[in-house]
file target-v8.cif (mmCIF, C-alpha atoms)
data_upload
#
loop_
_atom_site.label_atom_id
_atom_site.label_comp_id
_atom_site.auth_asym_id
_atom_site.auth_seq_id
_atom_site.Cartn_x
_atom_site.Cartn_y
_atom_site.Cartn_z
CA MET Z 26 12.03 12.64 21.33
CA PRO Z 27 8.78 10.96 20.31
CA THR Z 28 6.67 12.61 17.68
CA SER Z 29 4.03 15.11 18.79
CA THR Z 30 0.37 14.36 18.48
CA ARG Z 31 0.19 17.43 16.29
CA ASP Z 32 2.02 15.47 13.66
CA PRO Z 33 2.33 17.30 10.32
CA VAL Z 34 2.09 14.03 8.41
CA VAL Z 35 -0.49 11.86 10.13
CA PRO Z 36 -2.13 13.42 13.19
CA HIS Z 37 -4.34 11.25 15.34
CA ALA Z 38 -7.65 11.15 13.54
CA ARG Z 39 -10.71 9.00 13.71
CA PRO Z 40 -12.13 7.53 10.51
CA ALA Z 41 -14.52 9.86 8.74
CA ALA Z 42 -17.86 9.74 10.52
CA HIS Z 43 -20.01 11.70 8.12
CA GLY Z 44 -20.56 12.46 4.47
CA ALA Z 45 -18.24 11.52 1.64
CA ALA Z 46 -14.52 10.92 1.96
CA THR Z 47 -12.53 14.08 2.69
CA PRO Z 48 -10.46 15.63 -0.13
CA SER Z 49 -7.27 15.03 1.87
CA ALA Z 50 -8.06 11.31 2.19
CA LEU Z 51 -8.85 11.04 -1.52
CA GLY Z 52 -5.68 12.93 -2.39
CA ALA Z 53 -3.63 10.57 -0.24
CA VAL Z 54 -5.16 7.52 -1.96
CA VAL Z 55 -4.42 9.01 -5.39
CA LEU Z 56 -0.82 9.81 -4.39
CA ALA Z 57 -0.28 6.27 -3.11
CA ALA Z 58 -1.90 4.85 -6.26
CA VAL Z 59 0.45 6.78 -8.56
CA PHE Z 60 3.53 5.48 -6.77
CA HIS Z 61 1.97 2.01 -6.52
CA TYR Z 62 2.61 1.70 -10.27
CA LEU Z 63 5.74 3.83 -10.53
CA GLY Z 64 7.67 1.72 -8.00
CA PRO Z 65 7.17 -1.66 -9.73
CA SER Z 66 8.19 -0.11 -13.04
CA LEU Z 67 11.56 0.82 -11.54
CA ALA Z 68 11.87 -2.59 -9.88
CA VAL Z 69 11.25 -4.55 -13.11
CA LEU Z 70 14.05 -2.64 -14.83
CA LEU Z 71 16.38 -3.49 -11.93
CA PHE Z 72 15.59 -7.23 -12.24
CA VAL Z 73 18.02 -7.34 -15.16
CA HIS Z 74 20.94 -6.65 -12.79
CA VAL Z 75 19.77 -7.83 -9.35
CA ASP Z 76 17.91 -11.00 -8.32
CA THR Z 77 14.21 -10.63 -7.47
CA LEU Z 78 14.60 -11.20 -3.72
CA GLY Z 79 17.59 -8.86 -3.75
CA VAL Z 80 15.43 -6.07 -5.16
CA ALA Z 81 12.76 -6.76 -2.54
CA TRP Z 82 15.42 -6.54 0.18
CA LEU Z 83 16.86 -3.28 -1.19
CA ARG Z 84 13.35 -1.84 -1.24
CA LEU Z 85 12.63 -2.63 2.41
CA VAL Z 86 16.07 -1.76 3.77
CA SER Z 87 16.30 1.60 2.01
CA ALA Z 88 12.77 2.48 3.18
CA ALA Z 89 13.65 1.35 6.71
CA VAL Z 90 16.71 3.62 6.78
CA VAL Z 91 14.69 6.62 5.57
CA LEU Z 92 11.88 6.06 8.07
CA ALA Z 93 14.29 5.30 10.93
CA LEU Z 94 16.14 8.59 10.40
CA TRP Z 95 12.85 10.46 10.12
CA ARG Z 96 10.69 8.86 12.85
CA ARG Z 97 13.15 7.13 15.25
CA PRO Z 98 11.14 3.90 15.66
CA TRP Z 99 13.11 2.67 18.69
CA THR Z 100 11.40 5.30 20.84
CA VAL Z 101 8.02 4.17 19.53
CA LEU Z 102 8.70 0.51 20.27
CA ARG Z 103 9.95 1.30 23.76
CA GLY Z 104 6.79 3.24 24.68
CA ALA Z 105 4.27 0.86 23.07
CA THR Z 106 1.98 -1.57 24.84
CA GLY Z 107 2.26 -5.33 24.31
CA ARG Z 108 -0.69 -5.34 21.91
CA GLU Z 109 0.75 -2.47 19.87
CA ARG Z 110 4.12 -4.20 19.66
CA LEU Z 111 2.46 -7.39 18.44
CA THR Z 112 0.57 -5.49 15.74
CA MET Z 113 3.71 -3.69 14.53
CA LEU Z 114 5.74 -6.90 14.50
CA ALA Z 115 2.97 -8.71 12.60
CA LEU Z 116 2.76 -5.91 10.04
CA GLY Z 117 6.53 -6.03 9.59
CA ALA Z 118 6.44 -9.77 8.88
CA VAL Z 119 3.55 -9.22 6.45
CA LEU Z 120 5.49 -6.49 4.62
CA ALA Z 121 8.51 -8.79 4.18
CA ALA Z 122 6.40 -11.67 2.85
CA MET Z 123 4.14 -9.47 0.71
CA ASN Z 124 7.00 -7.61 -0.99
CA ALA Z 125 8.87 -10.84 -1.74
CA ALA Z 126 5.73 -12.50 -3.10
CA PHE Z 127 4.89 -9.44 -5.22
CA TYR Z 128 8.28 -9.33 -6.90
CA LEU Z 129 8.42 -13.12 -7.38
CA ALA Z 130 4.99 -12.95 -9.00
CA LEU Z 131 6.03 -9.98 -11.13
CA ASP Z 132 9.05 -11.93 -12.36
CA LEU Z 133 6.87 -14.86 -13.50
CA ALA Z 134 3.57 -13.24 -14.54
CA PRO Z 135 2.45 -9.98 -16.24
CA LEU Z 136 1.75 -6.96 -14.03
CA ALA Z 137 -1.86 -6.89 -15.24
CA THR Z 138 -2.40 -10.44 -13.99
CA VAL Z 139 -0.75 -9.77 -10.62
CA ALA Z 140 -2.79 -6.56 -10.19
CA SER Z 141 -6.05 -8.32 -11.11
CA ILE Z 142 -5.50 -11.04 -8.51
CA GLU Z 143 -4.45 -8.45 -5.93
CA PHE Z 144 -7.70 -6.54 -6.46
CA LEU Z 145 -9.77 -9.59 -5.46
CA GLY Z 146 -8.73 -9.17 -1.82
CA VAL Z 147 -9.56 -5.47 -1.91
CA VAL Z 148 -13.06 -6.24 -3.21
CA ALA Z 149 -13.57 -8.75 -0.41
CA LEU Z 150 -12.62 -6.16 2.23
CA ALA Z 151 -14.90 -3.55 0.69
CA ALA Z 152 -17.77 -6.03 0.44
CA TYR Z 153 -17.35 -7.07 4.08
CA GLY Z 154 -17.85 -3.46 5.17
CA VAL Z 155 -21.04 -2.82 3.19
CA ARG Z 156 -23.92 -1.87 5.51
CA SER Z 157 -26.23 0.02 3.16
CA ARG Z 158 -27.68 -0.23 -0.34
CA ARG Z 159 -25.94 3.01 -1.24
CA ASN Z 160 -22.51 1.59 -0.47
CA LEU Z 161 -23.39 -1.71 -2.16
CA THR Z 162 -24.23 0.28 -5.30
CA ALA Z 163 -20.93 2.15 -4.99
CA LEU Z 164 -19.04 -1.16 -4.70
CA THR Z 165 -20.83 -2.52 -7.77
CA LEU Z 166 -19.98 0.60 -9.77
CA SER Z 167 -16.32 0.46 -8.72
CA CYS Z 168 -16.02 -3.21 -9.74
CA ALA Z 169 -17.63 -2.49 -13.11
CA GLY Z 170 -15.31 0.48 -13.64
CA VAL Z 171 -12.20 -1.55 -12.79
CA ALA Z 172 -13.34 -4.33 -15.14
CA LEU Z 173 -13.59 -1.78 -17.97
CA LEU Z 174 -10.20 -0.25 -17.14
CA THR Z 175 -8.24 -3.48 -16.88
CA THR Z 176 -7.72 -6.38 -19.20
CA VAL Z 177 -8.37 -9.28 -16.88
CA SER Z 178 -6.26 -12.17 -18.14
CA ILE Z 179 -4.69 -14.97 -16.17
CA GLU Z 180 -1.27 -15.43 -17.73
CA GLY Z 181 2.06 -16.68 -16.43
CA SER Z 182 3.41 -19.84 -14.85
CA ALA Z 183 1.67 -21.74 -12.08
CA ALA Z 184 4.36 -20.54 -9.67
CA GLY Z 185 3.77 -16.94 -10.73
CA LEU Z 186 0.03 -17.25 -10.13
CA ALA Z 187 0.66 -18.88 -6.75
CA TRP Z 188 2.95 -16.02 -5.69
CA ALA Z 189 0.30 -13.57 -6.91
CA GLY Z 190 -2.20 -15.29 -4.60
CA VAL Z 191 0.21 -14.99 -1.67
CA ASN Z 192 0.65 -11.30 -2.50
CA CYS Z 193 -3.14 -10.86 -2.57
CA LEU Z 194 -3.44 -12.33 0.92
CA GLY Z 195 -0.53 -10.19 2.10
CA PHE Z 196 -2.15 -7.04 0.74
CA VAL Z 197 -5.37 -7.82 2.62
CA LEU Z 198 -3.40 -8.24 5.85
CA TYR Z 199 -1.49 -5.03 5.10
CA VAL Z 200 -4.76 -3.09 4.83
CA VAL Z 201 -6.17 -4.65 8.02
CA LEU Z 202 -3.04 -4.17 10.14
CA GLY Z 203 -2.12 -0.85 8.53
CA HIS Z 204 -5.57 0.53 9.29
CA ARG Z 205 -5.23 -0.65 12.87
CA ILE Z 206 -1.97 1.24 13.49
CA ALA Z 207 -3.29 4.32 11.66
CA SER Z 208 -6.59 4.81 13.44
CA VAL Z 209 -5.93 3.79 17.06
CA GLN Z 210 -4.24 6.12 19.52
CA SER Z 211 -1.57 4.73 21.78
CA GLU Z 212 -3.19 2.95 24.71
CA ALA Z 213 -0.47 3.73 27.23
CA PRO Z 214 1.93 6.44 26.05
CA THR Z 215 4.93 6.84 28.32
CA THR Z 216 5.26 10.51 27.42
CA PRO Z 217 2.78 13.36 26.86
CA SER Z 218 3.18 12.84 23.12
CA ALA Z 219 1.72 9.57 21.82
CA ALA Z 220 2.96 7.80 18.71
CA THR Z 221 1.23 8.32 15.36
CA GLY Z 222 0.48 5.89 12.54
CA VAL Z 223 3.63 6.81 10.63
CA ASP Z 224 5.70 6.23 13.78
CA ARG Z 225 4.26 2.72 14.09
CA LEU Z 226 4.73 2.21 10.35
CA SER Z 227 8.43 2.98 10.75
CA VAL Z 228 8.72 0.17 13.32
CA ALA Z 229 6.94 -2.27 10.98
CA VAL Z 230 9.16 -1.42 8.00
CA VAL Z 231 12.33 -1.86 10.08
CA VAL Z 232 11.00 -5.23 11.29
CA GLY Z 233 10.21 -6.17 7.69
CA ALA Z 234 13.76 -5.32 6.62
CA VAL Z 235 15.19 -7.49 9.41
CA VAL Z 236 12.91 -10.41 8.52
CA ALA Z 237 13.83 -10.13 4.82
CA THR Z 238 17.59 -9.92 5.39
CA PRO Z 239 18.38 -13.69 5.57
CA PHE Z 240 16.48 -14.24 2.31
CA GLY Z 241 17.60 -11.24 0.25
CA ILE Z 242 20.93 -9.79 1.30
CA ALA Z 243 22.99 -12.33 -0.66
CA GLN Z 244 20.95 -11.72 -3.81
CA ALA Z 245 21.40 -7.95 -3.38
CA THR Z 246 25.23 -8.09 -3.24
CA PRO Z 247 25.74 -7.19 -6.95
CA ALA Z 248 24.27 -3.74 -6.20
CA PHE Z 249 26.94 -3.09 -3.54
CA THR Z 250 29.62 -2.81 -6.23
CA HIS Z 251 27.53 -0.71 -8.63
CA PRO Z 252 26.56 2.67 -7.13
CA LEU Z 253 23.98 3.30 -9.88
CA TRP Z 254 22.17 0.01 -9.15
CA LEU Z 255 22.30 0.74 -5.43
CA MET Z 256 20.80 4.20 -5.91
CA TRP Z 257 18.21 2.60 -8.16
CA GLY Z 258 17.29 0.24 -5.33
CA VAL Z 259 16.98 3.20 -2.97
CA GLY Z 260 14.68 4.86 -5.48
CA VAL Z 261 12.52 1.73 -5.54
CA GLY Z 262 12.31 1.84 -1.74
CA VAL Z 263 11.29 5.49 -1.62
CA CYS Z 264 8.79 5.24 -4.49
CA SER Z 265 7.33 1.84 -3.58
CA THR Z 266 7.31 2.04 0.22
CA VAL Z 267 8.03 5.38 1.87
CA ILE Z 268 5.76 7.65 -0.18
CA PRO Z 269 2.78 5.29 -0.77
CA TYR Z 270 2.80 3.76 2.73
CA VAL Z 271 2.90 7.18 4.42
CA ALA Z 272 0.09 8.33 2.12
CA ASP Z 273 -1.83 5.17 3.03
CA GLN Z 274 -1.50 6.05 6.72
CA TRP Z 275 -2.95 9.49 6.05
CA ALA Z 276 -5.95 7.98 4.25
CA MET Z 277 -6.44 5.09 6.70
CA ALA Z 278 -6.54 7.51 9.63
CA ARG Z 279 -9.50 9.26 8.04
CA LEU Z 280 -11.50 6.41 6.50
CA PRO Z 281 -13.08 3.20 7.76
CA ARG Z 282 -11.24 0.14 6.48
CA ALA Z 283 -13.99 -0.80 4.00
CA SER Z 284 -14.08 2.75 2.61
CA TYR Z 285 -10.31 2.76 2.11
CA ALA Z 286 -10.57 -0.61 0.34
CA LEU Z 287 -13.18 0.76 -2.05
CA MET Z 288 -11.04 3.84 -2.74
CA LEU Z 289 -8.32 1.50 -4.01
CA ALA Z 290 -10.44 1.18 -7.17
CA LEU Z 291 -8.68 4.45 -8.04
CA LEU Z 292 -5.49 2.42 -8.73
CA PRO Z 293 -6.34 1.54 -12.37
CA VAL Z 294 -7.69 5.08 -12.85
CA THR Z 295 -4.34 6.61 -11.92
CA ALA Z 296 -2.57 4.04 -14.13
CA THR Z 297 -4.72 5.12 -17.09
CA LEU Z 298 -4.15 8.81 -16.40
CA CYS Z 299 -0.39 8.28 -16.01
CA GLY Z 300 -0.40 6.53 -19.37
CA LEU Z 301 -2.14 9.58 -20.87
CA VAL Z 302 0.15 12.20 -19.29
CA ILE Z 303 3.50 10.39 -19.48
CA LEU Z 304 3.16 8.06 -22.47
CA GLY Z 305 0.53 9.87 -24.52
CA GLN Z 306 -1.75 6.83 -24.43
CA VAL Z 307 -5.20 8.32 -25.01
CA PRO Z 308 -7.92 6.25 -23.29
CA GLY Z 309 -10.71 4.89 -25.45
CA HIS Z 310 -14.44 5.09 -24.85
CA GLN Z 311 -14.35 1.97 -22.64
CA GLU Z 312 -11.61 3.40 -20.41
CA VAL Z 313 -13.39 6.75 -20.12
CA LEU Z 314 -16.58 4.96 -19.08
CA GLY Z 315 -14.57 2.96 -16.53
CA ILE Z 316 -13.09 6.15 -15.05
CA GLY Z 317 -16.57 7.64 -14.86
CA LEU Z 318 -17.95 4.59 -13.03
CA VAL Z 319 -15.12 4.59 -10.48
CA GLY Z 320 -15.57 8.33 -9.96
CA ALA Z 321 -19.29 7.84 -9.42
CA ALA Z 322 -18.59 5.05 -6.94
CA VAL Z 323 -16.23 7.22 -4.91
CA ALA Z 324 -18.74 10.09 -4.92
CA LEU Z 325 -21.65 7.81 -3.96
CA HIS Z 326 -19.89 5.92 -1.16
CA ARG Z 327 -20.48 7.13 2.42
CA PRO Z 328 -17.84 6.24 5.04
CA ARG Z 329 -20.36 6.58 7.88
CA GLU Z 330 -22.35 3.72 6.32
CA ALA Z 331 -19.34 1.38 6.19
CA ARG Z 332 -18.39 -1.19 8.81
CA SER Z 333 -14.99 -0.41 10.34
#
call {"tool": "encode", "arguments": {"input": "target-v8.cif", "output": "structure tokens"}}
result
Amino acid sequence: MPTSTRDPVVPHARPAAHGAATPSALGAVVLAAVFHYLGPSLAVLLFVHVDTLGVAWLRLVSAAVVLALWRRPWTVLRGATGRERLTMLALGAVLAAMNAAFYLALDLAPLATVASIEFLGVVALAAYGVRSRRNLTALTLSCAGVALLTTVSIEGSAAGLAWAGVNCLGFVLYVVLGHRIASVQSEAPTTPSAATGVDRLSVAVVVGAVVATPFGIAQATPAFTHPLWLMWGVGVGVCSTVIPYVADQWAMARLPRASYALMLALLPVTATLCGLVILGQVPGHQEVLGIGLVGAAVALHRPREARS
């Protein structure tokens, strides 16, 4: 049975039309940001045993299995319009390419470098949606805060930097297509209950797993004979895809695309706070100022003054 419109995870919702971002949207962005850094940490440790593309394949396939059991994407695909199918298929192809590029970049360049290049696309999306001086000020504050929180250094091989650029482009397309499936109700539902953003996401992740299979299944074979490595790969899929992507859908359904892009400035904030809580790494005065600037940017930004 298709999922009800009263979905407990991502109900149909229009982007926020007034005031600041809702607490639920901010909470979803923070949750996704935490797992955005936790997942790659697990993946890097698995690189020792499994090839890079094999890890990327395990991530997508394990996430696809979880989402398929939960959301039954075949019913969503069957009841979708041609335009909706095209969007979901495109997002699936983007997920396959983006995940592969991210892990290839991570294998050849430091995480800080890959994250810095990835943030360039986010800034471009946020800048494109600026329609008021208030939101322009918020964007400026968020960029200044991120600059203080991150050590921007371009290190790694030329191939690593090239893959980081491909990942940056993929992340931009993920935000654009992901926002589209999150915020638009089904145009022609075949049942009284239309599909939700998470339902469409499940289709895209399954498509991504299928697209990635010819390129990653052979590299993932060592994990098939080591249950611990296999479970590790499943953990990467849940932490890097299922939890953050579902949280992204919650936030995207409630925020204009440009507002969501600006909220991604919270990524280095959560990384700093995780370092404090988990590793005991106390932030210095520069990091505290950076957190304050990002917080001020989020508080100052108004979704109703952003171009969708």
call {"tool": "residues_around", "arguments": {"input": "target-v8.cif", "residues": "stretch 179-191 of chain Z", "least_positions_apart": "4", "cutoff": "6 Å", "atoms": "all atoms listed in the file", "output": "NGL selection string"}}
result
:Z and (126 or 130 or 133-134 or 138-139)
call {"tool": "atom_distance", "arguments": {"input": "target-v8.cif", "atom1": "atom CA of Z:Thr162", "atom2": "atom CA of Z:Leu318"}}
result
10.9 Å
call {"tool": "residues_near_point", "arguments": {"input": "target-v8.cif", "point": "(-5.7, 6.6, -5.7)", "cutoff": "7 Å", "atoms": "all atoms listed in the file", "output": "compact mmCIF listing (two decimals) with C-alpha atoms, keeping the file's coordinate frame"}}
result
# COMPACT_ATOMS: atom_id res chain seq x y z
CA LEU Z 51 -8.85 11.04 -1.52
CA VAL Z 54 -5.16 7.52 -1.96
CA VAL Z 55 -4.42 9.01 -5.39
CA LEU Z 56 -0.82 9.81 -4.39
CA ALA Z 57 -0.28 6.27 -3.11
CA ALA Z 58 -1.90 4.85 -6.26
CA VAL Z 59 0.45 6.78 -8.56
CA MET Z 288 -11.04 3.84 -2.74
CA LEU Z 289 -8.32 1.50 -4.01
CA LEU Z 291 -8.68 4.45 -8.04
CA LEU Z 292 -5.49 2.42 -8.73
CA THR Z 295 -4.34 6.61 -11.92
call {"tool": "residues_near_point", "arguments": {"input": "target-v8.cif", "point": "(7.1, 2.0, 7.7)", "cutoff": "7 Å", "atoms": "all atoms listed in the file", "output": "compact mmCIF listing (two decimals) with C-alpha atoms, in the coordinates of the input"}}
result
# COMPACT_ATOMS: atom_id res chain seq x y z
CA ALA Z 89 13.65 1.35 6.71
CA LEU Z 92 11.88 6.06 8.07
CA VAL Z 223 3.63 6.81 10.63
CA LEU Z 226 4.73 2.21 10.35
CA SER Z 227 8.43 2.98 10.75
CA VAL Z 228 8.72 0.17 13.32
CA ALA Z 229 6.94 -2.27 10.98
CA VAL Z 230 9.16 -1.42 8.00
CA VAL Z 231 12.33 -1.86 10.08
CA VAL Z 267 8.03 5.38 1.87
CA TYR Z 270 2.80 3.76 2.73
call {"tool": "resolve_selection", "arguments": {"input": "target-v8.cif", "expression": "the PyMOL selection byres ((chain Z and resi 160) around 10)", "output": "MDAnalysis selection string"}}
result
chainID Z and resid 151:152 154:159 161:166 283:284 287 322:323 325:331
